[in-house]
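Engineer: Sharing data.cif here; it has mmCIF, C-alpha atoms and all ligand atoms.
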```
data_model
#
loop_
_atom_site.label_atom_id
_atom_site.label_comp_id
_atom_site.auth_asym_id
_atom_site.auth_seq_id
_atom_site.Cartn_x
_atom_site.Cartn_y
_atom_site.Cartn_z
CA MET A 1 120.72 138.93 24.69
CA GLN A 2 122.69 139.68 27.83
CA ARG A 3 126.47 139.79 27.43
CA SER A 4 126.90 137.08 30.07
CA VAL A 5 124.60 134.76 28.11
CA VAL A 6 126.48 135.46 24.88
CA PHE A 7 129.77 134.69 26.63
CA PHE A 8 128.37 131.46 28.07
CA LEU A 9 127.14 130.33 24.64
CA ALA A 10 130.49 131.18 23.05
CA VAL A 11 132.35 129.14 25.66
CA MET A 12 129.95 126.23 25.15
CA MET A 13 130.46 126.36 21.38
CA MET A 14 134.23 126.44 21.77
CA SER A 15 134.24 123.46 24.10
CA ALA A 16 131.96 121.49 21.75
CA ALA A 17 133.97 122.42 18.67
CA THR A 18 135.94 119.84 16.80
CA HIS A 19 139.52 120.60 15.95
CA ALA A 20 141.50 120.97 12.79
CA GLN A 21 140.57 118.31 10.30
CA TYR A 22 137.54 116.74 11.98
CA THR A 23 133.86 117.72 11.83
CA ARG A 24 132.66 115.18 14.42
CA LYS A 25 134.03 112.52 16.74
CA THR A 26 135.77 110.32 14.22
CA VAL A 27 136.56 106.62 13.99
CA VAL A 28 139.60 105.49 12.05
CA ALA A 29 139.69 101.78 11.20
CA HIS A 30 143.17 100.73 12.29
CA ARG A 31 144.70 98.64 9.47
CA GLY A 32 141.06 98.14 8.38
CA ALA A 33 138.63 96.29 10.66
CA SER A 34 141.68 94.36 11.80
CA ALA A 35 140.06 92.62 14.75
CA TYR A 36 137.98 90.60 12.30
CA ALA A 37 140.02 90.28 9.10
CA PRO A 38 143.74 90.23 8.31
CA GLU A 39 145.22 93.71 8.63
CA HIS A 40 145.80 95.68 5.44
CA THR A 41 143.84 93.42 3.13
CA LEU A 42 140.94 94.49 0.95
CA ALA A 43 138.73 92.25 3.13
CA ALA A 44 139.68 94.28 6.22
CA TYR A 45 139.11 97.58 4.41
CA GLN A 46 135.72 96.47 3.05
CA LEU A 47 134.58 95.36 6.49
CA ALA A 48 135.71 98.68 7.99
CA ILE A 49 133.47 100.52 5.55
CA GLU A 50 130.55 98.22 6.37
CA GLN A 51 131.14 98.87 10.08
CA GLY A 52 130.81 102.63 9.56
CA ALA A 53 134.42 103.78 9.70
CA ASP A 54 134.88 107.48 8.89
CA TYR A 55 138.43 106.76 7.71
CA VAL A 56 140.29 103.59 6.77
CA GLU A 57 143.98 103.50 7.66
CA GLN A 58 146.71 102.33 5.28
CA ASP A 59 150.29 101.87 6.47
CA LEU A 60 152.44 102.45 3.39
CA ALA A 61 155.61 100.76 2.18
CA VAL A 62 157.47 100.96 -1.13
CA THR A 63 158.37 97.94 -3.29
CA LYS A 64 161.73 97.41 -5.02
CA ASP A 65 160.16 98.60 -8.28
CA GLY A 66 158.75 101.74 -6.70
CA VAL A 67 155.10 100.91 -6.01
CA LEU A 68 153.27 102.02 -2.87
CA ILE A 69 151.73 99.07 -1.04
CA CYS A 70 149.73 98.72 2.17
CA LEU A 71 151.78 96.91 4.80
CA HIS A 72 152.35 97.66 8.47
CA ASP A 73 155.77 96.11 8.95
CA ALA A 74 158.79 97.11 6.90
CA SER A 75 159.20 93.40 6.23
CA LEU A 76 156.88 90.70 4.96
CA GLU A 77 157.33 87.66 7.21
CA ARG A 78 154.77 88.35 9.96
CA THR A 79 151.75 88.72 7.68
CA THR A 80 152.61 86.67 4.59
CA ASN A 81 154.15 83.34 3.59
CA VAL A 82 157.28 85.01 2.17
CA GLU A 83 159.51 82.77 4.29
CA GLN A 84 158.16 79.65 2.54
CA LEU A 85 158.12 81.09 -0.99
CA PHE A 86 161.41 83.01 -0.86
CA PRO A 87 163.56 81.28 1.80
CA ASN A 88 166.84 82.56 0.35
CA ARG A 89 165.86 86.22 0.17
CA VAL A 90 166.29 86.91 3.87
CA SER A 91 168.78 89.57 4.96
CA THR A 92 169.95 91.19 8.16
CA GLN A 93 168.26 94.54 8.66
CA THR A 94 168.15 97.20 11.33
CA ILE A 95 164.52 98.30 11.56
CA GLU A 96 163.41 100.88 14.13
CA GLY A 97 166.66 100.35 16.02
CA LYS A 98 166.53 96.54 16.16
CA THR A 99 168.80 94.32 14.07
CA ARG A 100 167.23 91.06 12.90
CA LYS A 101 166.68 88.70 9.96
CA ALA A 102 163.98 90.10 7.72
CA TRP A 103 162.38 89.88 4.29
CA LEU A 104 162.28 93.63 3.67
CA ALA A 105 159.38 94.68 1.42
CA ASN A 106 161.63 97.15 -0.37
CA ASP A 107 163.77 94.22 -1.58
CA PHE A 108 160.83 92.60 -3.41
CA THR A 109 159.06 93.58 -6.63
CA LEU A 110 155.32 94.09 -6.70
CA ALA A 111 154.90 90.90 -8.75
CA GLU A 112 156.77 88.92 -6.08
CA ILE A 113 154.72 90.48 -3.30
CA LYS A 114 151.49 89.80 -5.17
CA SER A 115 152.41 86.08 -5.24
CA LEU A 116 152.18 85.95 -1.44
CA ASP A 117 149.27 84.82 0.73
CA ALA A 118 148.48 87.73 3.06
CA GLY A 119 145.50 86.17 4.81
CA SER A 120 146.23 82.65 6.09
CA TRP A 121 148.31 83.84 9.05
CA PHE A 122 145.06 85.31 10.41
CA ASP A 123 142.59 82.58 9.36
CA ALA A 124 142.66 79.97 6.58
CA LYS A 125 139.42 81.37 5.16
CA PHE A 126 141.37 84.50 4.08
CA LYS A 127 144.02 82.59 2.10
CA ALA A 128 143.12 84.41 -1.14
CA GLU A 129 143.92 87.85 0.30
CA LYS A 130 146.90 89.69 -1.20
CA VAL A 131 148.96 92.67 -0.10
CA PRO A 132 147.05 95.58 -1.67
CA THR A 133 148.64 98.41 -3.57
CA PHE A 134 147.77 101.92 -2.39
CA ASP A 135 145.96 102.37 -5.71
CA GLU A 136 143.78 99.34 -4.97
CA ALA A 137 143.03 100.56 -1.47
CA ILE A 138 141.98 103.96 -2.78
CA ALA A 139 139.78 102.38 -5.44
CA LEU A 140 137.99 100.33 -2.80
CA VAL A 141 137.54 103.06 -0.18
CA ARG A 142 136.98 106.22 -2.20
CA GLY A 143 133.52 107.72 -1.96
CA LYS A 144 132.65 105.49 1.00
CA ALA A 145 135.10 106.73 3.65
CA GLY A 146 138.21 108.83 4.02
CA ILE A 147 141.72 107.44 3.80
CA PHE A 148 144.34 107.86 6.54
CA PRO A 149 147.68 106.73 5.08
CA GLU A 150 150.76 106.48 7.28
CA LEU A 151 154.24 106.96 5.85
CA LYS A 152 155.73 103.99 7.68
CA THR A 153 159.43 103.74 8.61
CA PRO A 154 160.43 106.66 6.35
CA GLU A 155 164.03 106.35 7.55
CA ILE A 156 164.42 103.15 5.51
CA TYR A 157 163.55 104.98 2.32
CA ALA A 158 165.67 108.03 3.13
CA GLY A 159 168.63 105.61 3.38
CA ARG A 160 167.80 104.12 -0.03
CA ASP A 161 167.18 107.40 -1.84
CA VAL A 162 163.47 106.67 -2.29
CA LYS A 163 161.43 109.89 -2.30
CA PHE A 164 158.64 108.54 -0.10
CA GLU A 165 156.83 111.83 0.56
CA ALA A 166 156.92 112.81 -3.13
CA MET A 167 155.56 109.38 -4.09
CA VAL A 168 152.61 109.80 -1.73
CA ALA A 169 151.96 113.30 -3.10
CA ALA A 170 152.02 111.93 -6.65
CA ALA A 171 149.59 109.14 -5.74
CA LEU A 172 147.15 111.64 -4.24
CA ASP A 173 147.45 113.79 -7.37
CA LYS A 174 146.85 110.80 -9.61
CA HIS A 175 143.59 110.04 -7.78
CA GLY A 176 142.47 113.68 -7.41
CA LEU A 177 142.68 113.53 -3.63
CA ARG A 178 144.48 116.78 -2.86
CA GLY A 179 144.36 120.35 -3.98
CA ALA A 180 141.45 122.63 -4.80
CA LYS A 181 139.58 119.96 -6.76
CA ALA A 182 140.03 117.18 -4.20
CA ASP A 183 137.15 114.73 -3.87
CA PRO A 184 135.12 115.88 -0.81
CA LYS A 185 133.70 112.38 -0.40
CA THR A 186 137.17 110.97 0.16
CA PRO A 187 138.98 113.16 2.68
CA VAL A 188 142.66 112.38 3.24
CA ILE A 189 144.73 112.72 6.41
CA LEU A 190 148.38 111.69 6.39
CA GLN A 191 150.27 110.47 9.45
CA THR A 192 153.83 109.60 10.35
CA PHE A 193 156.07 108.96 13.34
CA GLY A 194 158.91 110.44 11.32
CA GLN A 195 159.51 114.03 12.38
CA PRO A 196 161.77 114.75 9.36
CA SER A 197 159.08 113.23 7.15
CA ALA A 198 156.40 115.48 8.68
CA ARG A 199 158.62 118.49 8.00
CA THR A 200 159.16 117.35 4.42
CA LEU A 201 155.40 117.06 3.89
CA ALA A 202 155.02 120.64 5.10
CA GLN A 203 157.88 121.83 2.88
CA ILE A 204 156.39 120.27 -0.25
CA LYS A 205 153.01 121.80 0.66
CA ILE A 206 151.24 118.48 0.67
CA GLY A 207 147.87 120.23 0.97
CA VAL A 208 146.14 117.68 3.22
CA PRO A 209 146.19 117.52 7.02
CA VAL A 210 149.13 115.73 8.63
CA VAL A 211 149.06 114.02 12.03
CA LEU A 212 152.36 113.54 13.89
CA LEU A 213 152.38 110.19 15.69
CA LEU A 214 154.01 109.91 19.12
CA ASN A 215 155.08 106.71 20.81
CA SER A 216 156.56 108.61 23.72
CA ALA A 217 155.78 111.86 25.54
CA ASP A 218 159.45 112.87 25.34
CA GLY A 219 159.54 116.32 23.78
CA PHE A 220 155.77 116.78 24.17
CA GLN A 221 155.44 117.56 27.86
CA THR A 222 154.65 121.28 27.81
CA PRO A 223 152.19 123.46 25.88
CA ALA A 224 155.14 125.18 24.19
CA GLN A 225 156.52 121.87 22.94
CA LEU A 226 153.20 121.10 21.24
CA LYS A 227 152.88 124.62 19.90
CA ALA A 228 156.27 124.31 18.20
CA TRP A 229 154.59 121.95 15.69
CA LYS A 230 151.81 124.38 14.79
CA GLY A 231 151.95 125.21 11.10
CA ILE A 232 153.90 122.01 10.40
CA VAL A 233 151.27 119.43 11.33
CA HIS A 234 147.55 119.70 12.05
CA GLY A 235 147.40 117.40 15.04
CA PHE A 236 148.96 114.64 17.07
CA GLY A 237 148.43 110.89 17.18
CA PRO A 238 149.75 109.89 20.60
CA ALA A 239 149.88 106.39 22.05
CA LYS A 240 146.76 106.33 24.20
CA ALA A 241 148.75 105.99 27.44
CA ILE A 242 150.24 109.44 26.83
CA VAL A 243 146.78 111.03 27.01
CA LEU A 244 145.64 108.94 29.96
CA LYS A 245 148.74 109.94 31.92
CA ASN A 246 148.48 113.60 30.92
CA PRO A 247 144.90 114.63 30.03
CA ASP A 248 146.14 118.22 29.63
CA PHE A 249 147.73 117.07 26.38
CA VAL A 250 144.28 117.41 24.76
CA LYS A 251 143.73 120.88 26.20
CA TRP A 252 147.18 122.05 25.03
CA ALA A 253 146.61 120.77 21.49
CA HIS A 254 143.11 122.24 21.28
CA ALA A 255 144.35 125.61 22.48
CA GLU A 256 146.43 125.71 19.29
CA GLY A 257 143.56 124.43 17.10
CA MET A 258 145.32 121.08 16.73
CA SER A 259 143.61 117.72 16.93
CA VAL A 260 144.29 114.62 19.04
CA THR A 261 143.86 111.11 17.57
CA PRO A 262 145.20 108.47 19.98
CA TYR A 263 145.96 104.86 19.07
CA THR A 264 145.11 101.93 19.39
CA PHE A 265 141.79 100.77 20.85
CA ARG A 266 141.06 97.07 20.59
CA SER A 267 138.58 94.68 22.19
CA SER A 268 141.41 92.29 23.01
CA ASP A 269 143.00 94.84 25.37
CA PRO A 270 140.65 97.45 26.89
CA GLY A 271 143.05 98.18 29.75
CA SER A 272 141.27 98.83 33.04
CA PHE A 273 137.93 99.50 31.30
CA LYS A 274 135.12 96.96 31.18
CA ASP A 275 135.29 96.79 27.39
CA VAL A 276 136.68 98.70 24.43
CA THR A 277 133.49 100.76 23.96
CA ALA A 278 133.78 102.03 27.54
CA GLU A 279 137.45 102.79 26.94
CA MET A 280 136.77 104.72 23.73
CA SER A 281 133.91 106.62 25.44
CA HIS A 282 136.25 107.76 28.19
CA TYR A 283 138.79 109.12 25.73
CA LEU A 284 136.21 110.76 23.45
CA TYR A 285 133.73 112.23 25.93
CA THR A 286 135.71 112.65 29.16
CA LEU A 287 139.24 113.35 27.93
CA GLY A 288 137.92 115.10 24.80
CA VAL A 289 140.00 113.53 22.02
CA ASP A 290 138.74 114.24 18.51
CA ALA A 291 139.16 110.86 16.89
CA LEU A 292 140.84 107.53 17.52
CA PHE A 293 142.30 104.48 15.83
CA THR A 294 140.55 101.20 16.57
CA ASP A 295 140.68 97.60 15.36
CA ASN A 296 136.94 97.47 16.20
CA PRO A 297 135.11 100.24 14.31
CA ASP A 298 131.80 98.48 15.04
CA LYS A 299 132.26 99.21 18.75
CA PHE A 300 132.81 102.97 18.35
CA PRO A 301 130.46 104.88 20.68
CA ARG A 302 128.50 107.56 18.83
CA LYS A 303 126.46 109.99 20.90
O1 LIG B 1 149.03 105.01 12.96
C1 LIG B 1 148.42 104.95 14.21
C2 LIG B 1 148.83 103.67 14.74
O2 LIG B 1 148.52 102.78 13.70
C3 LIG B 1 150.28 103.65 15.02
O3 LIG B 1 150.68 102.39 15.33
O4 LIG B 1 152.19 100.60 14.76
O5 LIG B 1 149.76 100.33 14.39
O6 LIG B 1 151.08 101.81 12.92
P1 LIG B 1 150.94 101.25 14.29
CA CA B 2 149.62 103.00 11.53
#
```
Can you turn what I pasted into structure tokens?
Ligand code: G3P
Ligand code: CA
Structural biologist:
Amino acid sequence: MQRSVVFFLAVMMMSAATHAQYTRKTVVAHRGASAYAPEHTLAAYQLAIEQGADYVEQDLAVTKDGVLICLHDASLERTTNVEQLFPNRVSTQTIEGKTRKAWLANDFTLAEIKSLDAGSWFDAKFKAEKVPTFDEAIALVRGKAGIFPELKTPEIYAGRDVKFEAMVAAALDKHGLRGAKADPKTPVILQTFGQPSARTLAQIKIGVPVVLLLNSADGFQTPAQLKAWKGIVHGFGPAKAIVLKNPDFVKWAHAEGMSVTPYTFRSSDPGSFKDVTAEMSHYLYTLGVDALFTDNPDKFPRK
């Protein structure tokens, strides 16, 4: 074969290659199939699997008695009836820089949290849904999809001397989901906005890929700034606007063998695109992202 043809084929293979942890364009069910069922309930996770999700996301929190649960917010009032059942347990908290009244999950035991209705806020037909433990989420998803846990608001736990990263490592060990004998049918990718937390995961040799989430392009505006994270994390999870504004972000990450998994794609807000499938197609096949988080896994465009 002529050298020019070999070179052309090599370039084509490189441009078609997937990066870091992914083997194909990948759909992550954001909080489960959360367009159709209450986020972070077993109903939402089950539906995500039925809709063909490659991974099901769990945002993780820690209860007062040290149990990992699946909950997006640090506090319970948006997605449960905690305010009705425990009106006197409110406190003033500063969460992600904002001070407000909150029913912080870390102030409640698992038994208390399990007494809450985690589905009615979304639709009365889900009133039996509970806040799942991480163990319960793993039991439901394993063998059917990967899991994509996020260490949520790690700064809260650092301030309370809770070893969040070590707890997640122990949970993965307990379920045989990391290390040489990890279950290949249940791949695991961790994610966090917390840069100290990402560094801790690298220091403890977590042994599964880690995605660093970005809600702002600050500090990630040059190839060198992305490269500085090589060897610490395996890829980036930017807010989708970051990639739309700077499509070179994908090229810079890929040049370092790092992946790009933007968030969040939802049918209720497809931006300037005609629908969420068109929006996801643009990111996947024009901008070249590797994977994405969506509330609508059923609308993911496979080629
Ligand atoms: O984890 C990716 C995406 O879920 C980040 O946003 O707030 O939905 O956790 P959030
Ligand atoms: Ca998340």
Engineer: Grab me every residue within 8 Å of ligand CA 2 (chain B), counting all atoms listed in the file, and send it over as a PDB file with C-alpha atoms, keeping the file's coordinate frame.
Structural biologist:
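File produced: out00.pdb:
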```pdb
ATOM      1  CA  HIS A  30     143.170 100.730  12.290  1.00  0.00           C
ATOM      2  CA  ARG A  31     144.700  98.640   9.470  1.00  0.00           C
ATOM      3  CA  GLU A  57     143.980 103.500   7.660  1.00  0.00           C
ATOM      4  CA  GLN A  58     146.710 102.330   5.280  1.00  0.00           C
ATOM      5  CA  ASP A  59     150.290 101.870   6.470  1.00  0.00           C
ATOM      6  CA  HIS A  72     152.350  97.660   8.470  1.00  0.00           C
ATOM      7  CA  PRO A 149     147.680 106.730   5.080  1.00  0.00           C
ATOM      8  CA  GLU A 150     150.760 106.480   7.280  1.00  0.00           C
ATOM      9  CA  LYS A 152     155.730 103.990   7.680  1.00  0.00           C
ATOM     10  CA  GLN A 191     150.270 110.470   9.450  1.00  0.00           C
ATOM     11  CA  THR A 192     153.830 109.600  10.350  1.00  0.00           C
TER      12      THR A 192
END
```
Engineer: Could you give me, as a PyMOL selection string, every polymer residue with an atom at most 10 Å away from an atom of ligand LIG 1 (chain B), counting only C-alpha atoms and all ligand atoms?
Structural biologist: chain A and resi 28-31+39+57-60+71-73+148-153+190-193+211-215+237-239+261-265+292-295
Engineer: Hey, can you spit out that residue selection with C-alpha atoms as a tab-separated table (two decimals), keeping the file's coordinate frame?
Structural biologist:
```tsv
chain	number	residue	atom	x	y	z
A	28	VAL	CA	139.60	105.49	12.05
A	29	ALA	CA	139.69	101.78	11.20
A	30	HIS	CA	143.17	100.73	12.29
A	31	ARG	CA	144.70	98.64	9.47
A	39	GLU	CA	145.22	93.71	8.63
A	57	GLU	CA	143.98	103.50	7.66
A	58	GLN	CA	146.71	102.33	5.28
A	59	ASP	CA	150.29	101.87	6.47
A	60	LEU	CA	152.44	102.45	3.39
A	71	LEU	CA	151.78	96.91	4.80
A	72	HIS	CA	152.35	97.66	8.47
A	73	ASP	CA	155.77	96.11	8.95
A	148	PHE	CA	144.34	107.86	6.54
A	149	PRO	CA	147.68	106.73	5.08
A	150	GLU	CA	150.76	106.48	7.28
A	151	LEU	CA	154.24	106.96	5.85
A	152	LYS	CA	155.73	103.99	7.68
A	153	THR	CA	159.43	103.74	8.61
A	190	LEU	CA	148.38	111.69	6.39
A	191	GLN	CA	150.27	110.47	9.45
A	192	THR	CA	153.83	109.60	10.35
A	193	PHE	CA	156.07	108.96	13.34
A	211	VAL	CA	149.06	114.02	12.03
A	212	LEU	CA	152.36	113.54	13.89
A	213	LEU	CA	152.38	110.19	15.69
A	214	LEU	CA	154.01	109.91	19.12
A	215	ASN	CA	155.08	106.71	20.81
A	237	GLY	CA	148.43	110.89	17.18
A	238	PRO	CA	149.75	109.89	20.60
A	239	ALA	CA	149.88	106.39	22.05
A	261	THR	CA	143.86	111.11	17.57
A	262	PRO	CA	145.20	108.47	19.98
A	263	TYR	CA	145.96	104.86	19.07
A	264	THR	CA	145.11	101.93	19.39
A	265	PHE	CA	141.79	100.77	20.85
A	292	LEU	CA	140.84	107.53	17.52
A	293	PHE	CA	142.30	104.48	15.83
A	294	THR	CA	140.55	101.20	16.57
A	295	ASP	CA	140.68	97.60	15.36
```
Engineer: Identify the residues within 12 Å of coordinate (153.4, 109.6, -4.4) (same frame as the file), considering all atoms listed in the file, and give the answer as a PyMOL selection string.
Structural biologist: chain A and resi 60-62+66-69+134-135+149+151+162-175+177-178+201+204+206
Engineer: Quote the spacing between CA of Ser268 (chain A) and CA of Leu76 (chain A) in Å to one decimal place.
Structural biologist: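 CA of Ser268 (chain A) sits 23.8 Å away from CA of Leu76 (chain A).
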Engineer: Of the candidates A:Gln221, A:Gln203, A:Gln84, A:Ser75, which shows the shortest atom-to-atom distance to Ile156 (chain A), using all atoms listed in the file?
Structural biologist: A:Ser75
Engineer: Pick out the closest residue to Val260 (chain A) from this set: A:Ala111, A:Val56, A:Leu47, A:Tyr22. Count all atoms listed in the file.
Structural biologist: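 Selected residue with least distance to Val260 (chain A): A:Tyr22.
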Engineer: Mind pulling up the distance from CA of Glu112 (chain A) to CA of Gly32 (chain A)?
Structural biologist: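 Distance between the two atoms: 23.3 Å.
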Engineer: How many Å lie between CA of Ser259 (chain A) and CA of His19 (chain A), rounded to one decimal?
Structural biologist: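 It comes out at 5.1 Å.
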